[in-house]
Amino acid sequence: MKNLKLYSEITSNLQLQSEGEVLLFAAYDIERNRFFFASSENLIYTLHLSSFQNERAWTKGPLQAEIDPLVLEPDDFITSFDYLMEKEALIVGTSSGLLLLHNVDGKETEVVGRVEGGVKCISPSPDGDLLGVSTGFGQLLVMTHDWDLLYETTLEDHPEGVDVHEPDFSSTEMFGSPISWRGDGKFFATLSKVSNSSLKKRLKVWERDAGAVHASSEPKEPMGSILEWMPSGAKIAAVCDRKAEEKGPSIIFYERNGLERSSFQVDEPIDATVELMKWNCSSDLLAAVVRSGNYDSVKIWYFSNNHWYLKHEIKYLRKDGVRFLWDPTKAHQLICWTLFGQVTVYKFIWVTAVMDDSTALVIDDSKILVTPLSLSLMPPPMYLFSLKFPSAVREMAFYPTNGKNRLAAFLSNGSVCVAELPTPDTLEELEGKEINVEPCISKTPLGFFLHLIWLDSHVLLAVSHHGFSHSSCSFSSSEDRLLGYYLQEIELACSEDDIPGLLTCSGWHARVSYQNLLEGLVMGIAPNPAKKHSAFVQFDGGEVFEYTSKVGINRRDLKHDEKSFTSSCPSMNVIQVGVTEPSKLLHFGLDDMGRLHVGRRILCSNCSSFSFYSSLADNVITHLILATKQDLLFIVDINDILHGELELTSENFIHVVSKRREEENNKFIHIWERGAKIVGVLHGEEAAVILQTIRGNLECMYPRKLVLASIVNALNQRQFRNALLMVRRHRIDFNVIVDYCGLQVFIQLASEFVGQVNNLSYITEFVCAIKSENLTQTLYKKFLSPPSSKEQKDLDSNDLKGSDANLDANNKVSTVLLAIRRALEEQVPESPARELCILTTLARSEPPALEEALERVKVIRELELLGSDDPRRTNCPSAEEALKHLLWLSDSEAVFEAALGLYDLNLAAIVALNSHRDPKEFLPYLQELERMPVLLMRYSIDLKLHRFEKALKHIVSAGDAHFADCMNLMKKNPQLFPLGLQLITDPTKRGQVLEAWGDHLSDEKCFEDAAATYLCCSSLQKALKAYRECGNWSGVLTVAGIIKLEKDEVMRLAHELCEELQALGKPGEAAKIALEYCGDINAGINLLISAREWEEAFRVAFLHSREDLVSEVKNASLECASNLIDEYKEGLEKVGKYLTRYLAVRQRRLLLAAKLRSEERSINDVDDDTASEASSTFSGMSVYTTGTRKSSAASTGSTVASKARDARRQRSRGKIRPGSPGEEMALVEHLKGMSLTAGAKQELKSLLVSLVMLGNEEIARKLQHVAENFQLSHMAAVRLAEDTLSDDIINEHAHTLERYVLKVKTELLDSDAFSWRCRVFLSP
């Protein structure tokens, strides 16, 4: 599915020294890129191929060549000629038997040997170690590069006693290769005459070292001595004469064992001859010079799928005597020369034969094989139909217009043919047909084309050349035209009427309407998809200019740099992206090195082939499909390239070992067969990439990214049926339809979805696949992007109504299935299939709506039992079928329980029987239920199904006789107490329920609620106990008052409460009880001092006029102030110490991390497991670690040891261990834990006021100053630590405590954090 395109043709002339002199032989120097010619005048011409790369090389006159004369005897002439790389000299054989070594650089010629009978052929081995020589007497000599003879043997099989005296130097064999080496040099092949026949010859394969015949073939009638062993070693090509069969010559392929493997016939007349044949260096192209009539044709064949395609033909005049040689290093570069010194360098590239509309047009000689791949993937050489042309096709152009496709073909005879293909839907009618296409009628020659495209439906744009012998063979000599290349427009017109459904292959007229002489070599031309009558022309070097019809090339285009490439790209495509105006154009080019260019940027440096995909109806390109030389397939979103979101580096398209497998699979696809290339794509809903393997087979793959893009495009256009069919075909999760549209949008479009799909089986599949997961955020997150604003607007259009109140947006499954169920009931007429689909929606809901489903089954069963002629009966499945469908979808136990939940014992029995349960298991239970009263039966069923609220209602309704069961049910299920209070109205029974509830709350340690509950049922002792349990002393004493305890009992209770509160660490509350209930002023003051409620202590002391107590409170407050001053000073020192330690640890860890990163950068091929291990190792290292951690075996201890280790770690978490991995965070957490609490601030404020009241202003001022400094330093240290934790660099000047103290003082000093201070003591 590919064609060989000629993209560069450079011709120049070699000035020969004498009239009548012709070139006979050529040789090539790979190292210095030189070409050597030997002429009939025994002159050697040295030509540097670099001269062909110069701009306008064809206009600079004759080629500058170095000329060396080779001095021979007058009757002697050159018969063989080659270049020896090891000697850096030419080896020349003559008719007299001389072997000459000619040094071109030193201008020296040395005679290295002489053979009898003359030298017929010289053939160096590929490795240069050996030299094969055949003589005119039929002898074979093999010698080393030092001219030592290894062995000599006879080529031909002569009868005994026959001697050969006359050498044979026929012109047919002079240019052949009687000796041909295999690519590795281990074997070589020759053609030898058979002794009993003058015409037949036999192929012989010789062993290199021993000189023994390895194998020989059956005798054939070959054409001359043309023999060529494929460089890869698979085949040996020879030419066979078939005149006896009245056929043209055939090319036969032999294996190394001498057996004939295959052959093909050259499509030429009987008198045609093959003069020369050569393989290219990659063994995929075979070229030959075929002489027929007045022309010599250079034909190039390609082998694929057991078929030989003639991919290109170049015609020369017979008198030119064309010869050629493949470039030994560039597989697709062909060098041709004529007898009279015209040298032409042809450069080819492979281009896909698949057009933009997925129609394959494969060139094969004078045919174009047409295969619409959208109809069928026919692997070549099969095809749907063929177009037959008068001569071999060299170039073609394809143009889709008005549903039809026009094809223009340039032929090797210089004519142009045009064919208009019918619409794609009628192409199948042409299956197996061969349609002849007539050439266009033109009054003047159109020229020989290198590049050909359509500008519009009636205008062709081509690059033609003039002035070279092979291009002028069809022109009249009187035509006045400059030598060089032209860009010309060709207008086409058809004189025949267009008949729908038929091809238009004749009646076309062509004329050159515009012509422009070019100043440089054109590498390629591509139509402008955004503008009619416009194209882009790429010149050698990668410069791209826009061409406008009838105007020419605009070389003043200021934006041509953006379109141009950094190097020549023989394969060029211009695509249109974006649907808005003005549209954006992207220029893609693939150069000889495999670099894919996008303008002046290189997207991929190892690209082997690429194509484009459009998921939209307007053919706007959306994706680039790219295959690399490592056989990886990438799908790239064009928007990523357009908006620069894709980093344009070649590393994106190289398989790196250290990448995670999951990420790899998202980024690329492995091409399963090595060397497969992209030949085309199927656009739109097909979403397929077509690959062709090396052997020729076609493979079609459906990349997930393209498939999802086509599904998304269908959803944006609300083509739900198409989207669903694609989901089914490609096994995509059905949830993508809901998740991409959005839940709220989809439920509004559910009716439209059901109407479009109109297939209950498909809808059932969809329903069964719905799950709560959002696939756009999980499975397909890498492939799907949220809808654009325009796409979202399209989805939200059509006057969507507000969301239904019954639809739960938090339950995706139930919401979607409810919407589908309603749509089924509205859109689809009643039928058994619809009913089963509805049952599916109920069974698949979350949780399953089995009771509702069974209700529908119950209705069907009742209709069957009635035996009525209700039309609903015919529109529903049988009850048994519906029930079996429900059991197939759901767990049989759940369905049985749902049937019990309907309290229909008969239905439950039917469910049990259809679920194949043993009657001994369920029948006794159902019979027992049937014997119970209705309410008790329902109570029993509800208990079994754990429907406790319904059970409570039923047991309460059963009467007072079952109140004990009611109480037991509530005690076992305490959540039923509120419902029980609502259902039970009797005051006595309500009291029992309340008391039981209070007991439950007490057991649950909810003493406050228990006390309130006990109070509701007047259980005062239990209420007092509950208050006492929760430490609510006011509640205890209040209930004691309600109970009306004696004064002594109240006093005793108060003392007990006071002691309990002191034990609980609540001296302030204990002081209230001591003062208010016990009347103990001394104890109360002491408790207030313990609680540090200084102001209250002073108030009480002064209230009772107790100077001794006032003095006691004063002394205690002064002592407390002194202690706090010392504590805050010590805390200030600790803050500085911890912060200094933290900064040192942090700095050292950052230095260690930087060192490890620098070491990791030098190792680029670290695999993922190693990187992960290194990361985890570093995370567990302390800043003082000098060695590595122990092996993983040490970390695999027992579960018990692991738990013990975790427990120890939990206990020591609050400790700061110097040098440990967690020291940094421990220091930060410890710093944060040193902050002033709200209680501490309240105590400070109270103490400051008390000190002022006592007249100790200086102590109060000092206390406030020290506490303020501590709080400022602490807050500054915490902020500094947090800042350095998130930063990888510690600035010794910026990250200091002093700077941060000033910053905090400026920002926060007036905030609520410092509201405890007295303004009278604030510093100025």
# chains A, B, ... in the order shown; residues from 1 in each chain; ligands from 1

$ closest_atom_pairs --of "range 1035-1144 of chain A" --to "range 1217-1227 of chain A" --cutoff "9 Å" --atoms "only C-alpha atoms" --output "CSV"
residue,atom,partner,partner_atom,distance
A:Tyr1138,CA,A:Leu1227,CA,6.5
A:Leu1139,CA,A:Leu1227,CA,7.8
A:Arg1141,CA,A:Leu1227,CA,8.1
A:Tyr1142,CA,A:Glu1224,CA,6.0
A:Leu1143,CA,A:Glu1224,CA,8.7

$ residues_around --residues "range 621-626 of chain A" --least-positions-apart "3" --cutoff "8 Å" --atoms "only C-alpha atoms" --output "PyMOL selection string"
chain A and resi 575-578+607-616+633-639+678+706

$ residues_around --residues "Lys1005 in chain A" --least-positions-apart "4" --cutoff "9 Å" --atoms "only C-alpha atoms" --output "number ranges by chain"
A: 1000-1001, 1010, 1029-1030

$ write_last_selection --atoms "N, CA and C atoms" --output "CSV table (one decimal), in the first residue's frame"
chain,number,residue,atom,x,y,z
A,1000,HIS,N,-30.2,2.5,79.0
A,1000,HIS,CA,-29.3,2.3,77.9
A,1000,HIS,C,-28.3,3.4,77.7
A,1001,LEU,N,-28.8,4.6,77.9
A,1001,LEU,CA,-27.9,5.8,77.8
A,1001,LEU,C,-26.8,5.8,78.9
A,1010,ALA,N,-28.9,10.6,79.8
A,1010,ALA,CA,-29.6,9.7,80.7
A,1010,ALA,C,-30.3,10.4,81.8
A,1029,GLU,N,-22.3,11.0,88.0
A,1029,GLU,CA,-21.3,10.3,87.1
A,1029,GLU,C,-20.6,11.2,86.1
A,1030,CYS,N,-21.4,12.2,85.7
A,1030,CYS,CA,-20.8,13.1,84.6
A,1030,CYS,C,-20.2,14.3,85.2

$ residues_around --residues "Tyr1300 in chain A" --least-positions-apart "3" --cutoff "10 Å" --atoms "only C-alpha atoms" --output "JSON, numbers by chain"
{"A": [1272, 1273, 1275, 1276, 1277, 1278, 1279, 1280, 1294, 1295, 1296, 1297, 1303, 1304, 1305, 1306]}

$ closest_atom_pairs --of "range 1035-1140 of chain A" --to "range 1228-1249 of chain A" --cutoff "10 Å" --atoms "only C-alpha atoms" --output "JSON lines"
{"residue": "A:Ala1091", "atom": "CA", "partner": "A:Glu1243", "partner_atom": "CA", "distance": 9.2}
{"residue": "A:Arg1092", "atom": "CA", "partner": "A:Glu1243", "partner_atom": "CA", "distance": 6.6}
{"residue": "A:Glu1093", "atom": "CA", "partner": "A:Ser1246", "partner_atom": "CA", "distance": 7.0}
{"residue": "A:Trp1094", "atom": "CA", "partner": "A:Leu1247", "partner_atom": "CA", "distance": 6.2}
{"residue": "A:Glu1095", "atom": "CA", "partner": "A:Ser1246", "partner_atom": "CA", "distance": 6.3}
{"residue": "A:Glu1096", "atom": "CA", "partner": "A:Ser1246", "partner_atom": "CA", "distance": 9.3}
{"residue": "A:Ser1117", "atom": "CA", "partner": "A:Leu1247", "partner_atom": "CA", "distance": 6.9}
{"residue": "A:Leu1118", "atom": "CA", "partner": "A:Leu1247", "partner_atom": "CA", "distance": 9.0}
{"residue": "A:Cys1120", "atom": "CA", "partner": "A:Leu1247", "partner_atom": "CA", "distance": 8.5}
{"residue": "A:Ala1121", "atom": "CA", "partner": "A:Leu1247", "partner_atom": "CA", "distance": 7.5}
{"residue": "A:Leu1124", "atom": "CA", "partner": "A:Leu1244", "partner_atom": "CA", "distance": 9.0}
{"residue": "A:Gly1131", "atom": "CA", "partner": "A:Met1234", "partner_atom": "CA", "distance": 8.0}
{"residue": "A:Lys1134", "atom": "CA", "partner": "A:Leu1231", "partner_atom": "CA", "distance": 9.0}
{"residue": "A:Val1135", "atom": "CA", "partner": "A:Leu1231", "partner_atom": "CA", "distance": 6.9}
{"residue": "A:Gly1136", "atom": "CA", "partner": "A:Leu1231", "partner_atom": "CA", "distance": 9.9}
{"residue": "A:Tyr1138", "atom": "CA", "partner": "A:Leu1231", "partner_atom": "CA", "distance": 7.3}
{"residue": "A:Leu1139", "atom": "CA", "partner": "A:Leu1231", "partner_atom": "CA", "distance": 7.9}

$ select_by_dssp --residues "range 860-900 of chain A" --states "alpha helix (DSSP H)" --output "JSON, numbers by chain"
{"A": [860, 861, 862, 863, 864, 865, 866, 871, 872, 873, 874, 879, 880, 881, 882, 883, 884, 885, 886, 887, 888, 889, 892, 893, 894, 895, 896, 897, 898, 899, 900]}

$ residues_around --residues "Leu936 in chain A" --least-positions-apart "2" --cutoff "12 Å" --atoms "only C-alpha atoms" --output "JSON, numbers by chain"
{"A": [903, 928, 929, 930, 931, 932, 933, 934, 938, 939, 940, 941, 942, 943, 950, 951, 952, 953, 954, 955, 956, 957, 958, 959, 961, 962, 965, 966]}

$ write_last_selection --atoms "C-alpha atoms" --output "tab-separated table (two decimals), in the first residue's frame"
chain	number	residue	atom	x	y	z
A	903	TYR	CA	-45.87	-10.47	52.90
A	928	GLU	CA	-45.36	-21.68	60.11
A	929	LEU	CA	-45.81	-18.08	58.97
A	930	GLU	CA	-49.12	-18.92	57.35
A	931	ARG	CA	-50.47	-20.26	60.65
A	932	MET	CA	-49.66	-17.02	62.51
A	933	PRO	CA	-51.98	-14.02	62.84
A	934	VAL	CA	-51.32	-11.44	60.18
A	938	ARG	CA	-45.48	-9.59	59.46
A	939	TYR	CA	-43.58	-9.01	62.72
A	940	SER	CA	-41.71	-12.28	62.25
A	941	ILE	CA	-40.90	-11.50	58.61
A	942	ASP	CA	-39.70	-8.02	59.53
A	943	LEU	CA	-37.44	-9.44	62.22
A	950	LYS	CA	-41.81	-2.11	60.71
A	951	ALA	CA	-41.49	-4.94	63.21
A	952	LEU	CA	-42.02	-2.50	66.10
A	953	LYS	CA	-45.10	-1.02	64.46
A	954	HIS	CA	-46.57	-4.46	63.90
A	955	ILE	CA	-45.84	-5.76	67.40
A	956	VAL	CA	-47.29	-2.60	68.98
A	957	SER	CA	-50.39	-3.01	66.84
A	958	ALA	CA	-50.67	-6.62	68.03
A	959	GLY	CA	-51.83	-5.41	71.48
A	961	ALA	CA	-50.20	-8.92	75.30
A	962	HIS	CA	-47.00	-8.50	73.31
A	965	ASP	CA	-41.72	-8.48	73.05
A	966	CYS	CA	-41.96	-4.82	72.23

$ closest_residue --among "A:Gln827, A:Ala215, A:Gly742, A:Tyr762" --to "Met726 in chain A" --atoms "only C-alpha atoms"
A:Tyr762

$ closest_residue --among "A:Asn713, A:Ser95, A:Ser1105, A:Ser457" --to "Arg114 in chain A" --atoms "only C-alpha atoms"
A:Ser95

$ atom_distance --atom1 "CA of Ile251 in chain A" --atom2 "CA of Glu673 in chain A"
29.8 Å

$ residues_around --residues "Trp147 in chain A" --least-positions-apart "5" --cutoff "9 Å" --atoms "only C-alpha atoms" --output "PyMOL selection string"
chain A and resi 112-113+130-131

$ write_last_selection --atoms "N, CA, C and O atoms" --output "PDB file, in the first residue's frame"
ATOM      1  N   VAL A 112      49.475  -5.157 -11.680  1.00  0.00           N
ATOM      2  CA  VAL A 112      49.536  -6.089 -10.555  1.00  0.00           C
ATOM      3  C   VAL A 112      49.387  -7.530 -10.998  1.00  0.00           C
ATOM      4  O   VAL A 112      49.509  -8.454 -10.185  1.00  0.00           O
ATOM      5  N   GLY A 113      49.080  -7.725 -12.270  1.00  0.00           N
ATOM      6  CA  GLY A 113      48.958  -9.098 -12.736  1.00  0.00           C
ATOM      7  C   GLY A 113      48.544  -9.145 -14.193  1.00  0.00           C
ATOM      8  O   GLY A 113      48.182  -8.127 -14.814  1.00  0.00           O
ATOM      9  N   LEU A 130      38.868 -10.376  -0.777  1.00  0.00           N
ATOM     10  CA  LEU A 130      39.129 -11.204  -1.953  1.00  0.00           C
ATOM     11  C   LEU A 130      38.694 -10.480  -3.215  1.00  0.00           C
ATOM     12  O   LEU A 130      37.871  -9.551  -3.185  1.00  0.00           O
ATOM     13  N   LEU A 131      39.246 -10.973  -4.344  1.00  0.00           N
ATOM     14  CA  LEU A 131      38.926 -10.404  -5.648  1.00  0.00           C
ATOM     15  C   LEU A 131      38.679 -11.566  -6.597  1.00  0.00           C
ATOM     16  O   LEU A 131      39.533 -12.449  -6.768  1.00  0.00           O
TER      17      LEU A 131
END

$ residues_around --residues "Leu981 in chain A" --least-positions-apart "3" --cutoff "10 Å" --atoms "only C-alpha atoms" --output "count of residues only"
12

$ atom_distance --atom1 "CA of Asn758 in chain A" --atom2 "CA of Glu826 in chain A"
12.6 Å

$ select_by_dssp --residues "range 71-122 of chain A" --states "strand (DSSP E)" --output "short mmCIF file (atom, residue, chain, number, x, y, z; two decimals) with N, CA and C atoms, in the first residue's frame"
data_model
loop_
_atom_site.label_atom_id
_atom_site.label_comp_id
_atom_site.auth_asym_id
_atom_site.auth_seq_id
_atom_site.Cartn_x
_atom_site.Cartn_y
_atom_site.Cartn_z
N ILE A 78 39.58 -1.42 -22.10
CA ILE A 78 39.10 -1.75 -20.75
C ILE A 78 37.90 -2.67 -20.85
N THR A 79 37.94 -3.76 -20.10
CA THR A 79 36.82 -4.70 -20.07
C THR A 79 36.17 -4.80 -18.69
N SER A 80 36.86 -4.33 -17.65
CA SER A 80 36.29 -4.40 -16.30
C SER A 80 36.88 -3.28 -15.46
N PHE A 81 36.07 -2.82 -14.47
CA PHE A 81 36.43 -1.58 -13.79
C PHE A 81 35.73 -1.56 -12.45
N ASP A 82 36.49 -1.35 -11.37
CA ASP A 82 35.88 -1.28 -10.04
C ASP A 82 36.81 -0.52 -9.11
N TYR A 83 36.29 -0.19 -7.91
CA TYR A 83 37.06 0.58 -6.93
C TYR A 83 37.32 -0.30 -5.72
N LEU A 84 38.60 -0.35 -5.29
CA LEU A 84 39.00 -1.11 -4.10
C LEU A 84 39.19 -0.14 -2.94
N ALA A 89 42.14 2.77 -4.54
CA ALA A 89 42.55 2.86 -5.95
C ALA A 89 41.57 2.08 -6.80
N LEU A 90 41.63 2.32 -8.11
CA LEU A 90 40.77 1.64 -9.07
C LEU A 90 41.47 0.38 -9.56
N ILE A 91 40.73 -0.70 -9.70
CA ILE A 91 41.24 -1.92 -10.31
C ILE A 91 40.65 -2.01 -11.72
N VAL A 92 41.52 -2.16 -12.71
CA VAL A 92 41.10 -2.14 -14.11
C VAL A 92 41.55 -3.43 -14.77
N GLY A 93 40.63 -4.06 -15.50
CA GLY A 93 40.98 -5.23 -16.30
C GLY A 93 40.86 -4.90 -17.77
N THR A 94 41.77 -5.45 -18.57
CA THR A 94 41.78 -5.14 -20.01
C THR A 94 41.59 -6.40 -20.82
N LEU A 98 45.56 -7.63 -18.70
CA LEU A 98 46.25 -6.85 -17.68
C LEU A 98 45.32 -6.57 -16.51
N LEU A 99 45.88 -6.64 -15.30
CA LEU A 99 45.20 -6.17 -14.09
C LEU A 99 45.97 -4.95 -13.60
N LEU A 100 45.32 -3.79 -13.68
CA LEU A 100 45.97 -2.53 -13.37
C LEU A 100 45.38 -1.95 -12.09
N LEU A 101 46.24 -1.40 -11.23
CA LEU A 101 45.81 -0.69 -10.03
C LEU A 101 46.14 0.78 -10.24
N HIS A 102 45.09 1.58 -10.40
CA HIS A 102 45.27 2.99 -10.72
C HIS A 102 44.92 3.84 -9.51
N ASN A 103 45.91 4.60 -9.03
CA ASN A 103 45.71 5.52 -7.91
C ASN A 103 45.34 6.88 -8.47
N GLU A 108 48.96 7.46 -10.47
CA GLU A 108 49.89 6.37 -10.76
C GLU A 108 49.11 5.13 -11.16
N THR A 109 49.69 4.36 -12.08
CA THR A 109 49.10 3.11 -12.53
C THR A 109 50.12 2.00 -12.35
N GLU A 110 49.69 0.91 -11.73
CA GLU A 110 50.59 -0.21 -11.44
C GLU A 110 49.99 -1.48 -12.02
N VAL A 111 50.82 -2.26 -12.71
CA VAL A 111 50.39 -3.56 -13.23
C VAL A 111 50.58 -4.57 -12.11
N VAL A 112 49.48 -5.16 -11.68
CA VAL A 112 49.54 -6.09 -10.55
C VAL A 112 49.39 -7.53 -11.00
N GLY A 113 49.08 -7.72 -12.27
CA GLY A 113 48.96 -9.10 -12.74
C GLY A 113 48.54 -9.14 -14.19
N ARG A 114 48.63 -10.36 -14.74
CA ARG A 114 48.22 -10.57 -16.14
C ARG A 114 47.63 -11.97 -16.22
N VAL A 119 40.84 -10.22 -19.32
CA VAL A 119 39.98 -10.09 -18.14
C VAL A 119 38.55 -9.82 -18.61
N LYS A 120 37.66 -10.66 -18.20
CA LYS A 120 36.26 -10.49 -18.58
C LYS A 120 35.47 -9.76 -17.49
N CYS A 121 35.78 -10.07 -16.25
CA CYS A 121 35.02 -9.46 -15.14
C CYS A 121 35.90 -9.41 -13.90
N ILE A 122 35.83 -8.34 -13.19
CA ILE A 122 36.48 -8.19 -11.87
C ILE A 122 35.37 -7.90 -10.85
#

$ closest_residue --among "A:Arg1299, A:His683, A:Lys563, A:Arg1028" --to "Leu373 in chain A" --atoms "only C-alpha atoms"
A:His683
